[in-house]
$ cat entry.cif   # mmCIF, C-alpha atoms
data_structure
#
loop_
_atom_site.label_atom_id
_atom_site.label_comp_id
_atom_site.auth_asym_id
_atom_site.auth_seq_id
_atom_site.Cartn_x
_atom_site.Cartn_y
_atom_site.Cartn_z
CA MET A 193 207.40 75.64 -22.64
CA GLU A 194 208.57 79.01 -23.78
CA LEU A 195 208.12 80.80 -27.07
CA VAL A 196 211.28 82.03 -28.74
CA SER A 197 212.19 83.16 -32.22
CA THR A 198 215.39 81.31 -33.02
CA ALA A 199 216.31 77.64 -32.86
CA GLY A 200 219.35 76.20 -31.11
CA ALA A 201 222.98 76.53 -32.02
CA ALA A 202 222.52 76.39 -35.80
CA ALA A 203 220.32 79.46 -36.05
CA ALA A 204 221.51 81.50 -33.08
CA GLY A 205 222.41 85.04 -33.99
CA ASN A 206 220.97 84.83 -37.51
CA ASP A 207 217.52 86.26 -38.02
CA MET A 208 217.20 85.72 -41.76
CA GLY A 209 214.07 84.47 -43.44
CA PHE A 210 215.34 81.10 -44.60
CA MET A 211 216.49 79.73 -41.25
CA ILE A 212 214.67 76.93 -39.47
CA LYS A 213 212.95 78.65 -36.57
CA GLY A 214 212.34 76.96 -33.24
CA LEU A 215 208.86 77.59 -31.94
CA ILE A 216 208.46 75.53 -28.77
CA ARG A 217 211.24 74.14 -26.60
CA TYR A 218 210.82 70.96 -24.62
CA GLU A 219 213.05 68.49 -22.83
CA LEU A 220 213.12 64.76 -23.35
CA PHE A 221 215.54 62.50 -21.43
CA GLY A 222 217.64 65.58 -20.60
CA GLN A 223 217.97 66.59 -24.25
CA GLU A 224 216.90 70.04 -25.35
CA LEU A 225 214.52 69.62 -28.28
CA TRP A 226 212.51 72.01 -30.41
CA ILE A 227 209.24 72.06 -32.28
CA THR A 228 210.43 73.90 -35.39
CA THR A 229 208.82 75.42 -38.46
CA THR A 230 209.64 72.17 -40.25
CA HIS A 231 207.31 70.23 -37.96
CA VAL A 232 204.53 72.77 -38.38
CA CYS A 233 204.81 72.97 -42.18
CA MET A 234 205.02 69.18 -42.49
CA LEU A 235 201.91 68.79 -40.31
CA ILE A 236 200.04 71.26 -42.51
CA ILE A 237 201.07 69.36 -45.64
CA ASP A 238 200.18 65.99 -44.08
CA VAL A 239 196.75 67.21 -42.99
CA VAL A 240 196.04 68.64 -46.44
CA LEU A 241 197.12 65.41 -48.14
CA ILE A 242 195.15 63.21 -45.73
CA LEU A 243 192.00 65.32 -46.17
CA PHE A 244 192.39 65.23 -49.95
CA PHE A 245 192.78 61.46 -50.06
CA LEU A 246 189.93 60.89 -47.59
CA ALA A 247 187.74 62.93 -49.92
CA VAL A 248 188.99 60.85 -52.87
CA LYS A 249 188.31 57.62 -50.96
CA LYS A 250 184.78 58.72 -50.16
CA LYS A 251 184.20 59.67 -53.79
CA MET A 252 185.64 56.41 -55.16
CA LYS A 253 183.19 54.29 -53.15
CA THR A 254 180.59 55.29 -55.70
CA PRO A 255 182.64 55.90 -58.86
CA ASP A 256 181.04 57.36 -61.96
CA ASP A 257 181.39 55.70 -65.34
CA VAL A 258 182.36 59.02 -66.88
CA PRO A 259 184.88 60.51 -64.42
CA GLN A 260 184.54 64.16 -63.61
CA GLY A 261 185.75 66.54 -60.96
CA LEU A 262 187.58 64.93 -58.04
CA GLN A 263 187.49 61.44 -59.53
CA ASN A 264 189.11 62.77 -62.69
CA VAL A 265 191.96 64.40 -60.75
CA ALA A 266 192.56 61.25 -58.69
CA GLU A 267 192.59 59.02 -61.77
CA ILE A 268 195.05 61.31 -63.55
CA ILE A 269 197.41 61.26 -60.55
CA VAL A 270 197.29 57.47 -60.15
CA GLU A 271 197.63 56.83 -63.86
CA MET A 272 200.61 59.19 -64.20
CA LEU A 273 202.42 57.61 -61.25
CA ASP A 274 201.69 54.08 -62.48
CA ASN A 275 203.01 54.91 -65.94
CA MET A 276 206.16 56.48 -64.46
CA VAL A 277 206.89 53.39 -62.34
CA LYS A 278 206.05 51.05 -65.19
CA GLY A 279 208.33 52.97 -67.52
CA SER A 280 211.45 52.20 -65.51
CA LEU A 281 210.64 49.02 -63.59
CA GLY A 282 208.69 47.14 -66.25
CA SER A 283 207.00 43.98 -64.99
CA ASN A 284 208.10 44.54 -61.37
CA ALA A 285 206.22 47.85 -61.22
CA GLY A 286 203.29 46.56 -59.17
CA LYS A 287 205.30 46.02 -56.01
CA PHE A 288 206.87 49.48 -56.00
CA ALA A 289 204.08 51.70 -57.30
CA ASN A 290 202.77 52.30 -53.77
CA TYR A 291 206.08 53.41 -52.29
CA ILE A 292 207.19 55.49 -55.26
CA GLY A 293 203.79 57.15 -55.62
CA CYS A 294 203.67 57.93 -51.92
CA ILE A 295 207.08 59.61 -51.73
CA PHE A 296 206.48 61.33 -55.09
CA ILE A 297 203.33 63.06 -53.87
CA PHE A 298 204.84 63.93 -50.49
CA ILE A 299 208.11 65.36 -51.88
CA LEU A 300 206.30 67.24 -54.65
CA ILE A 301 203.86 68.93 -52.29
CA SER A 302 206.69 69.65 -49.83
CA ASN A 303 208.86 71.22 -52.52
CA ILE A 304 206.16 73.46 -53.95
CA SER A 305 204.83 74.47 -50.53
CA GLY A 306 207.20 77.45 -50.74
CA VAL A 307 204.70 79.01 -53.13
CA PHE A 308 202.09 79.05 -50.37
CA GLY A 309 204.38 80.80 -47.93
CA LEU A 310 205.47 77.76 -45.94
CA ARG A 311 209.10 76.88 -45.40
CA PRO A 312 209.56 73.70 -47.47
CA PRO A 313 210.07 70.75 -45.08
CA THR A 314 212.51 69.24 -47.59
CA ALA A 315 214.83 72.21 -46.96
CA ASP A 316 215.63 70.53 -43.64
CA TYR A 317 218.19 67.72 -43.65
CA GLY A 318 216.21 66.02 -40.89
CA VAL A 319 213.47 65.35 -43.45
CA THR A 320 215.49 64.38 -46.51
CA LEU A 321 217.88 62.01 -44.72
CA PRO A 322 215.03 59.72 -43.53
CA LEU A 323 213.64 59.78 -47.08
CA GLY A 324 217.04 58.70 -48.38
CA LEU A 325 217.31 56.01 -45.70
CA LEU A 326 213.84 54.69 -46.61
CA SER A 327 214.96 54.33 -50.21
CA PHE A 328 218.18 52.70 -49.02
CA CYS A 329 216.18 50.14 -47.01
CA ILE A 330 213.95 49.39 -50.01
CA ILE A 331 216.99 48.96 -52.26
CA GLN A 332 218.93 46.71 -49.88
CA PHE A 333 215.86 44.66 -48.84
CA ASN A 334 215.11 43.87 -52.47
CA ASN A 335 218.79 43.23 -53.15
CA ILE A 336 218.97 40.59 -50.40
CA LYS A 337 215.52 39.18 -51.18
CA HIS A 338 216.28 38.79 -54.87
CA ASN A 339 219.97 37.91 -54.93
CA LYS A 340 220.21 35.97 -51.60
CA LEU A 341 223.94 35.22 -51.14
CA GLY A 342 224.73 36.95 -54.41
CA ALA A 343 224.19 40.24 -52.58
CA ALA A 344 227.22 39.53 -50.39
CA LYS A 345 229.19 38.18 -53.33
CA ALA A 346 228.53 41.34 -55.34
CA LEU A 347 230.41 43.30 -52.65
CA LEU A 348 233.56 41.33 -53.52
CA ASP A 349 232.90 41.90 -57.17
CA PRO A 350 236.04 42.05 -59.26
CA ILE A 351 238.42 40.96 -56.49
CA PRO A 352 237.97 40.83 -52.67
CA LEU A 353 240.29 43.83 -52.36
CA PHE A 354 237.42 46.03 -53.60
CA LEU A 355 235.24 45.31 -50.53
CA PRO A 356 235.69 48.73 -48.85
CA VAL A 357 235.12 50.55 -52.14
CA ASN A 358 231.90 48.61 -52.80
CA ILE A 359 230.63 49.21 -49.24
CA ILE A 360 231.28 52.95 -49.62
CA GLY A 361 229.48 52.83 -52.96
CA GLU A 362 226.38 51.34 -51.29
CA VAL A 363 226.43 53.69 -48.30
CA ALA A 364 226.86 56.75 -50.52
CA VAL A 365 223.46 56.13 -52.15
CA PRO A 366 221.19 57.50 -49.38
CA ILE A 367 223.61 60.31 -48.59
CA SER A 368 223.78 61.56 -52.17
CA LEU A 369 220.01 61.09 -52.67
CA SER A 370 219.16 63.13 -49.58
CA LEU A 371 221.87 65.78 -50.03
CA ARG A 372 220.79 66.40 -53.64
CA LEU A 373 217.17 67.03 -52.65
CA PHE A 374 218.17 69.06 -49.58
CA GLY A 375 220.70 71.22 -51.43
CA ASN A 376 218.38 72.04 -54.30
CA VAL A 377 215.40 72.98 -52.15
CA LEU A 378 217.56 74.87 -49.64
CA SER A 379 219.27 76.89 -52.39
CA GLY A 380 215.84 77.85 -53.78
CA THR A 381 214.61 78.85 -50.33
CA VAL A 382 217.73 80.94 -49.65
CA MET A 383 217.50 82.68 -53.02
CA MET A 384 213.83 83.53 -52.45
CA ALA A 385 214.58 84.88 -48.95
CA LEU A 386 217.44 87.02 -50.32
CA VAL A 387 215.24 88.42 -53.09
CA TYR A 388 212.47 89.23 -50.62
CA GLY A 389 214.99 90.91 -48.35
CA LEU A 390 216.40 92.92 -51.27
CA LEU A 391 213.13 94.32 -52.58
CA PRO A 392 211.37 97.26 -50.92
CA ILE A 393 208.03 96.36 -49.44
CA PHE A 394 205.84 97.75 -52.24
CA LEU A 395 207.69 95.67 -54.87
CA ARG A 396 207.26 92.35 -53.04
CA PHE A 397 204.02 91.62 -54.87
CA GLY A 398 204.36 90.38 -58.43
CA ILE A 399 208.08 90.48 -59.17
CA PRO A 400 209.14 87.46 -57.06
CA SER A 401 206.39 85.33 -58.62
CA VAL A 402 208.60 84.68 -61.67
CA LEU A 403 211.34 83.38 -59.37
CA HIS A 404 208.78 81.34 -57.42
CA VAL A 405 207.84 79.57 -60.65
CA TYR A 406 211.47 78.67 -61.29
CA PHE A 407 212.82 77.89 -57.82
CA ASP A 408 209.74 76.33 -56.26
CA LEU A 409 207.67 74.82 -59.07
CA PHE A 410 210.26 73.92 -61.73
CA ALA A 411 213.22 72.90 -59.54
CA GLY A 412 210.88 71.24 -57.03
CA ALA A 413 209.18 69.13 -59.67
CA ILE A 414 212.50 68.19 -61.30
CA GLN A 415 214.05 67.15 -57.99
CA THR A 416 210.98 65.10 -57.07
CA TYR A 417 211.17 63.31 -60.40
CA VAL A 418 214.92 62.75 -60.02
CA PHE A 419 214.58 61.36 -56.47
CA CYS A 420 211.94 58.84 -57.58
CA MET A 421 213.73 57.94 -60.84
CA LEU A 422 217.03 57.35 -59.06
CA THR A 423 215.36 55.18 -56.40
CA MET A 424 213.75 53.12 -59.17
CA THR A 425 217.01 52.94 -61.11
CA TYR A 426 218.89 51.61 -58.06
CA VAL A 427 216.11 49.09 -57.31
CA ASN A 428 216.02 47.98 -60.93
CA ASP A 429 219.79 47.61 -60.87
CA LYS A 430 219.48 45.15 -57.98
CA ILE A 431 216.53 43.05 -59.12
CA SER A 432 216.76 42.95 -62.91
CA ASP A 433 219.97 40.99 -63.55
CA ALA A 434 220.03 37.32 -62.68
CA MET B 190 241.89 95.65 -33.69
CA ILE B 191 241.40 92.28 -35.37
CA THR B 192 240.78 89.48 -32.92
CA GLY B 193 241.26 85.80 -33.73
CA GLU B 194 237.48 85.41 -33.94
CA ASP B 195 237.18 88.15 -36.57
CA LEU B 196 239.95 86.56 -38.58
CA ILE B 197 238.18 83.18 -38.53
CA LEU B 198 234.89 84.78 -39.61
CA ALA B 199 236.58 86.64 -42.47
CA CYS B 200 238.40 83.53 -43.64
CA SER B 201 235.15 81.54 -43.41
CA ALA B 202 233.50 84.06 -45.72
CA ILE B 203 236.38 83.81 -48.19
CA GLY B 204 236.27 80.03 -47.95
CA ALA B 205 232.52 80.04 -48.64
CA GLY B 206 233.13 82.12 -51.73
CA LEU B 207 235.84 79.72 -52.88
CA ALA B 208 233.64 76.71 -52.19
CA VAL B 209 230.88 77.81 -54.56
CA ILE B 210 233.44 77.91 -57.40
CA ALA B 211 232.51 74.21 -57.49
CA GLY B 212 229.52 75.41 -59.51
CA ILE B 213 231.73 75.68 -62.62
CA GLY B 214 232.00 71.93 -63.10
CA PRO B 215 228.29 71.08 -63.06
CA GLY B 216 227.63 74.11 -65.27
CA ILE B 217 229.93 72.76 -67.95
CA GLY B 218 228.62 69.22 -67.52
CA GLN B 219 224.96 70.23 -67.73
CA GLY B 220 225.71 72.35 -70.78
CA ILE B 221 227.34 69.40 -72.53
CA ALA B 222 224.39 67.15 -71.62
CA ALA B 223 221.85 69.68 -72.87
CA GLY B 224 223.79 70.26 -76.09
CA HIS B 225 224.00 66.57 -76.85
CA ALA B 226 220.33 66.14 -76.01
CA ALA B 227 219.48 68.92 -78.45
CA ALA B 228 221.55 67.19 -81.12
CA ALA B 229 219.83 63.88 -80.36
CA VAL B 230 216.37 65.45 -80.68
CA GLY B 231 217.47 66.95 -83.99
CA ARG B 232 218.48 63.53 -85.25
CA ASN B 233 215.47 61.65 -83.86
CA PRO B 234 212.55 63.97 -83.02
CA GLY B 235 210.30 61.00 -82.24
CA ALA B 236 212.28 60.13 -79.10
CA LYS B 237 212.00 63.62 -77.61
CA SER B 238 210.32 62.63 -74.31
CA ASP B 239 212.78 59.81 -73.62
CA ILE B 240 215.74 62.05 -74.40
CA THR B 241 214.41 64.84 -72.19
CA SER B 242 213.89 62.60 -69.17
CA THR B 243 217.32 60.99 -69.60
CA MET B 244 218.92 64.41 -69.93
CA LEU B 245 217.20 65.73 -66.79
CA LEU B 246 218.26 62.67 -64.81
CA GLY B 247 221.88 62.99 -65.93
CA GLN B 248 221.94 66.71 -65.26
CA ALA B 249 220.55 66.22 -61.77
CA VAL B 250 223.26 63.68 -60.99
CA ALA B 251 225.92 66.00 -62.41
CA GLU B 252 224.56 68.79 -60.26
CA THR B 253 225.34 66.91 -57.06
CA THR B 254 229.02 67.90 -56.91
CA GLY B 255 228.11 71.56 -57.25
CA LEU B 256 225.59 71.18 -54.44
CA TYR B 257 228.28 69.75 -52.18
CA GLY B 258 230.26 72.94 -52.70
CA LEU B 259 227.15 74.99 -51.93
CA LEU B 260 226.55 73.02 -48.73
CA ILE B 261 230.14 73.62 -47.61
CA ALA B 262 229.57 77.34 -48.21
CA PHE B 263 226.38 77.26 -46.13
CA LEU B 264 228.14 75.39 -43.35
CA LEU B 265 230.98 77.92 -43.28
CA LEU B 266 228.63 80.90 -43.29
CA PHE B 267 225.86 79.85 -40.94
CA VAL B 268 227.01 76.95 -38.76
CA LYS B 269 230.56 78.33 -38.33
CA PRO B 270 232.26 75.03 -37.44
CA LEU B 271 235.68 76.66 -36.99
CA LEU B 272 234.58 79.13 -34.35
#
$ encode --input "entry.cif" --output "C-alpha cells"
Amino acid sequence: MELVSTAGAAAAGNDMGFMIKGLIRYELFGQELWITTTHVCMLIIDVVLILFFLAVKKKMKTPDDVPQGLQNVAEIIVEMLDNMVKGSLGSNAGKFANYIGCIFIFILISNISGVFGLRPPTADYGVTLPLGLLSFCIIQFNNIKHNKLGAAKALLDPIPLFLPVNIIGEVAVPISLSLRLFGNVLSGTVMMALVYGLLPIFLRFGIPSVLHVYFDLFAGAIQTYVFCMLTMTYVNDKISDA
Amino acid sequence: MITGEDLILACSAIGAGLAVIAGIGPGIGQGIAAGHAAAAVGRNPGAKSDITSTMLLGQAVAETTGLYGLLIAFLLLFVKPLL
C-alpha cells in the first residue's frame, strides 16, 4: 500500500478540490483498485447513521407517552417518510415505506454532507448508479410480480414493432435517475470548489455559507425528494393499473 | 508551435463551452413550469403544497437534459476522451 494524492486516470494531472482523490492503492485479481475519498466519506456517513439509529432503537425500547428529545425526532422522521410514501402510493404504501425511507435518509445525508466538509458520496457515479439499479430492480420485480405475463405484453404495447423502443424506455429509467442525482450534486460540488479557489483565504469564512445553503442544502434536499418521488411514480405506474 | 495534442485540448475546451449551451432549454422549461405553477396557486391557493411538489418534480425532470450537457462538458474537460 502506498499513499498518493491523486486517483487513477480520471484525476491524473488535475489537483482541484472537487476531484475524487485516491487514498490507498491495492490490487485485486490483477486489477489496480483504489480506496477513494468516496469510500471514506460514505463510511463516515454510514457510521453516523448506524449510531443514530442504534440510539433510537435503544430509546424506543422504553418509549415515553409524551415524546421528547430523541424519540420526538425519530417519530417526526418516520411520520414524514410514511406520509410521503402514502401520498403517492396510497394503499400499497406499506410494502415500500422501508425501501423509500432508507434511500431517502441515505441520499439526503449524503447530499448535505458537503456542508460538513466531506465530499458528497453522491457526487460519484459509482454510488448513484447502484442506487438507480436498486430502484430499477424494485420497479421491474413489482412489474413482473403484479402483471405476470402482462409485463412482457406491455413491451409489445401498441404494435410488436415498438419492442426496441419500449426496451430502451425501461433501461433508460435507472440511467436517467442516477445521472440526474449525480449531475446535480457534482455541479454543486464543483461550484463550491471553484468559489473556494476564487476567494482569498481570509474571505473563506462566512461568504460561501450562502452558497452552501443553496447548493448543498436546497439542491440536495430537492434531488433527494425527486429521486424518491420518481421511484414511487414508476412503481405506482407498474402496480396500479389492472 | 501548436502540436496536435494542444489543438485537441483547445477544441475540447470549446466543445465543453458549447455543450453547456444545453442549459438554455431547461431554463426556459423550468421558467414556464414555475410561471404556470404561480398562476395555479393564484387561482387555487388551497392546493399550494400539491402544486409546489408537482412543479418541483416536473422541473427536476426537465433539468435532466441540461445536466446531460453539463456531464459532456465535464467529460471533455477532465476525462479528455479524445486525447
$ atom_distance --input "entry.cif" --atom1 "CA of Gly218 (chain B)" --atom2 "CA of Ala249 (chain B)"
10.4 Å
$ residues_around --input "entry.cif" --residues "Ala251 (chain B)" --least-positions-apart "6" --cutoff "10 Å" --atoms "all atoms listed in the file" --output "VMD selection string"
chain B and resid 214 to 219 222 245
$ residues_around --input "entry.cif" --residues "Asp195 (chain B)" --least-positions-apart "6" --cutoff "12 Å" --atoms "all atoms listed in the file" --output "short mmCIF file (atom, residue, chain, number, x, y, z; two decimals) with C-alpha atoms, in the coordinates of the input"
data_model
loop_
_atom_site.label_atom_id
_atom_site.label_comp_id
_atom_site.auth_asym_id
_atom_site.auth_seq_id
_atom_site.Cartn_x
_atom_site.Cartn_y
_atom_site.Cartn_z
CA SER B 201 235.15 81.54 -43.41
CA ALA B 202 233.50 84.06 -45.72
CA LYS B 269 230.56 78.33 -38.33
CA LEU B 271 235.68 76.66 -36.99
CA LEU B 272 234.58 79.13 -34.35
#
$ closest_residue --input "entry.cif" --among "A:Asn358, A:Asn428, A:Ala289, A:Asn376" --to "Glu252 (chain B)" --atoms "all atoms listed in the file"
A:Asn376
$ resolve_selection --input "entry.cif" --expression "the PyMOL selection byres ((chain A) within 12 of (chain B))" --output "count of residues only"
49
$ atom_distance --input "entry.cif" --atom1 "CA of Leu273 (chain A)" --atom2 "CA of Gly286 (chain A)"
11.3 Å
$ resolve_selection --input "entry.cif" --expression "the PyMOL selection byres ((chain A and resi 329-343) around 8)" --output "VMD selection string"
chain A and resid 325 to 328 344 to 347 423 426 to 427 430 to 431 434
$ resolve_selection --input "entry.cif" --expression "the PyMOL selection byres ((chain A and resi 234) around 10)" --output "list in words"
Thr229, Thr230, His231, Val232, Cys233, Leu235, Ile236, Ile237, Asp238, Val239, Val240, Phe298, Ile301, Ser302, Ser305, Leu310, Arg311, Pro312, Pro313, Thr314 and Val319 of chain A
$ atom_distance --input "entry.cif" --atom1 "CA of Val209 (chain B)" --atom2 "CA of Leu323 (chain A)"
26.0 Å
$ closest_residue --input "entry.cif" --among "B:Met244, B:Ile197, B:Ile213, B:Leu265" --to "Ala228 (chain B)" --atoms "all atoms listed in the file"
B:Met244
$ axis_aligned_box --input "entry.cif" --around "region 231-242 of chain B" --padding-each-side "8 Å" --output "lines of an AutoDock Vina configuration file"
center_x = 214.4
center_y = 63.4
center_z = -77.2
size_x = 24.2
size_y = 23.1
size_z = 32.1
$ build_atoms --input "entry.cif" --residues "region 207-238 of chain B" --atoms "N, CA and C atoms" --output "short mmCIF file (atom, residue, chain, number, x, y, z; two decimals), in the coordinates of the input"
data_model
loop_
_atom_site.label_atom_id
_atom_site.label_comp_id
_atom_site.auth_asym_id
_atom_site.auth_seq_id
_atom_site.Cartn_x
_atom_site.Cartn_y
_atom_site.Cartn_z
N LEU B 207 235.04 80.66 -52.09
CA LEU B 207 235.84 79.72 -52.88
C LEU B 207 235.08 78.41 -53.10
N ALA B 208 234.30 78.01 -52.08
CA ALA B 208 233.64 76.71 -52.19
C ALA B 208 232.61 76.70 -53.30
N VAL B 209 231.91 77.83 -53.52
CA VAL B 209 230.88 77.81 -54.56
C VAL B 209 231.47 77.91 -55.96
N ILE B 210 232.82 78.03 -56.08
CA ILE B 210 233.44 77.91 -57.40
C ILE B 210 233.18 76.50 -57.95
N ALA B 211 232.86 75.56 -57.06
CA ALA B 211 232.51 74.21 -57.49
C ALA B 211 231.36 74.21 -58.48
N GLY B 212 230.62 75.34 -58.55
CA GLY B 212 229.52 75.41 -59.51
C GLY B 212 229.96 75.39 -60.96
N ILE B 213 231.25 75.67 -61.22
CA ILE B 213 231.73 75.68 -62.62
C ILE B 213 231.58 74.31 -63.27
N GLY B 214 231.99 73.28 -62.52
CA GLY B 214 232.00 71.93 -63.10
C GLY B 214 230.63 71.48 -63.55
N PRO B 215 229.63 71.48 -62.65
CA PRO B 215 228.29 71.08 -63.06
C PRO B 215 227.74 71.95 -64.18
N GLY B 216 228.10 73.25 -64.19
CA GLY B 216 227.63 74.11 -65.27
C GLY B 216 228.09 73.60 -66.62
N ILE B 217 229.40 73.28 -66.70
CA ILE B 217 229.93 72.76 -67.95
C ILE B 217 229.28 71.42 -68.30
N GLY B 218 229.17 70.56 -67.28
CA GLY B 218 228.62 69.22 -67.52
C GLY B 218 227.18 69.28 -67.98
N GLN B 219 226.37 70.13 -67.33
CA GLN B 219 224.96 70.23 -67.73
C GLN B 219 224.84 70.83 -69.12
N GLY B 220 225.74 71.77 -69.44
CA GLY B 220 225.71 72.35 -70.78
C GLY B 220 226.00 71.31 -71.84
N ILE B 221 227.01 70.46 -71.57
CA ILE B 221 227.34 69.40 -72.53
C ILE B 221 226.15 68.46 -72.70
N ALA B 222 225.53 68.07 -71.54
CA ALA B 222 224.39 67.15 -71.62
C ALA B 222 223.25 67.76 -72.42
N ALA B 223 222.96 69.05 -72.16
CA ALA B 223 221.85 69.68 -72.87
C ALA B 223 222.15 69.81 -74.36
N GLY B 224 223.42 70.14 -74.68
CA GLY B 224 223.79 70.26 -76.09
C GLY B 224 223.64 68.95 -76.83
N HIS B 225 224.12 67.86 -76.20
CA HIS B 225 224.00 66.57 -76.85
C HIS B 225 222.55 66.13 -76.96
N ALA B 226 221.74 66.48 -75.94
CA ALA B 226 220.33 66.14 -76.01
C ALA B 226 219.66 66.88 -77.15
N ALA B 227 220.05 68.16 -77.35
CA ALA B 227 219.48 68.92 -78.45
C ALA B 227 219.85 68.28 -79.78
N ALA B 228 221.13 67.85 -79.89
CA ALA B 228 221.55 67.19 -81.12
C ALA B 228 220.78 65.90 -81.35
N ALA B 229 220.54 65.15 -80.24
CA ALA B 229 219.83 63.88 -80.36
C ALA B 229 218.39 64.11 -80.80
N VAL B 230 217.74 65.15 -80.26
CA VAL B 230 216.37 65.45 -80.68
C VAL B 230 216.35 65.85 -82.15
N GLY B 231 217.40 66.58 -82.59
CA GLY B 231 217.47 66.95 -83.99
C GLY B 231 217.57 65.74 -84.89
N ARG B 232 218.30 64.72 -84.43
CA ARG B 232 218.48 63.53 -85.25
C ARG B 232 217.24 62.63 -85.21
N ASN B 233 216.61 62.57 -84.02
CA ASN B 233 215.47 61.65 -83.86
C ASN B 233 214.36 62.34 -83.08
N PRO B 234 213.57 63.18 -83.74
CA PRO B 234 212.55 63.97 -83.02
C PRO B 234 211.50 63.09 -82.35
N GLY B 235 211.33 61.87 -82.82
CA GLY B 235 210.30 61.00 -82.24
C GLY B 235 210.60 60.62 -80.80
N ALA B 236 211.90 60.58 -80.44
CA ALA B 236 212.28 60.13 -79.10
C ALA B 236 212.44 61.30 -78.14
N LYS B 237 211.74 62.40 -78.38
CA LYS B 237 212.00 63.62 -77.61
C LYS B 237 211.75 63.43 -76.11
N SER B 238 210.64 62.74 -75.74
CA SER B 238 210.32 62.63 -74.31
C SER B 238 211.34 61.77 -73.58
#
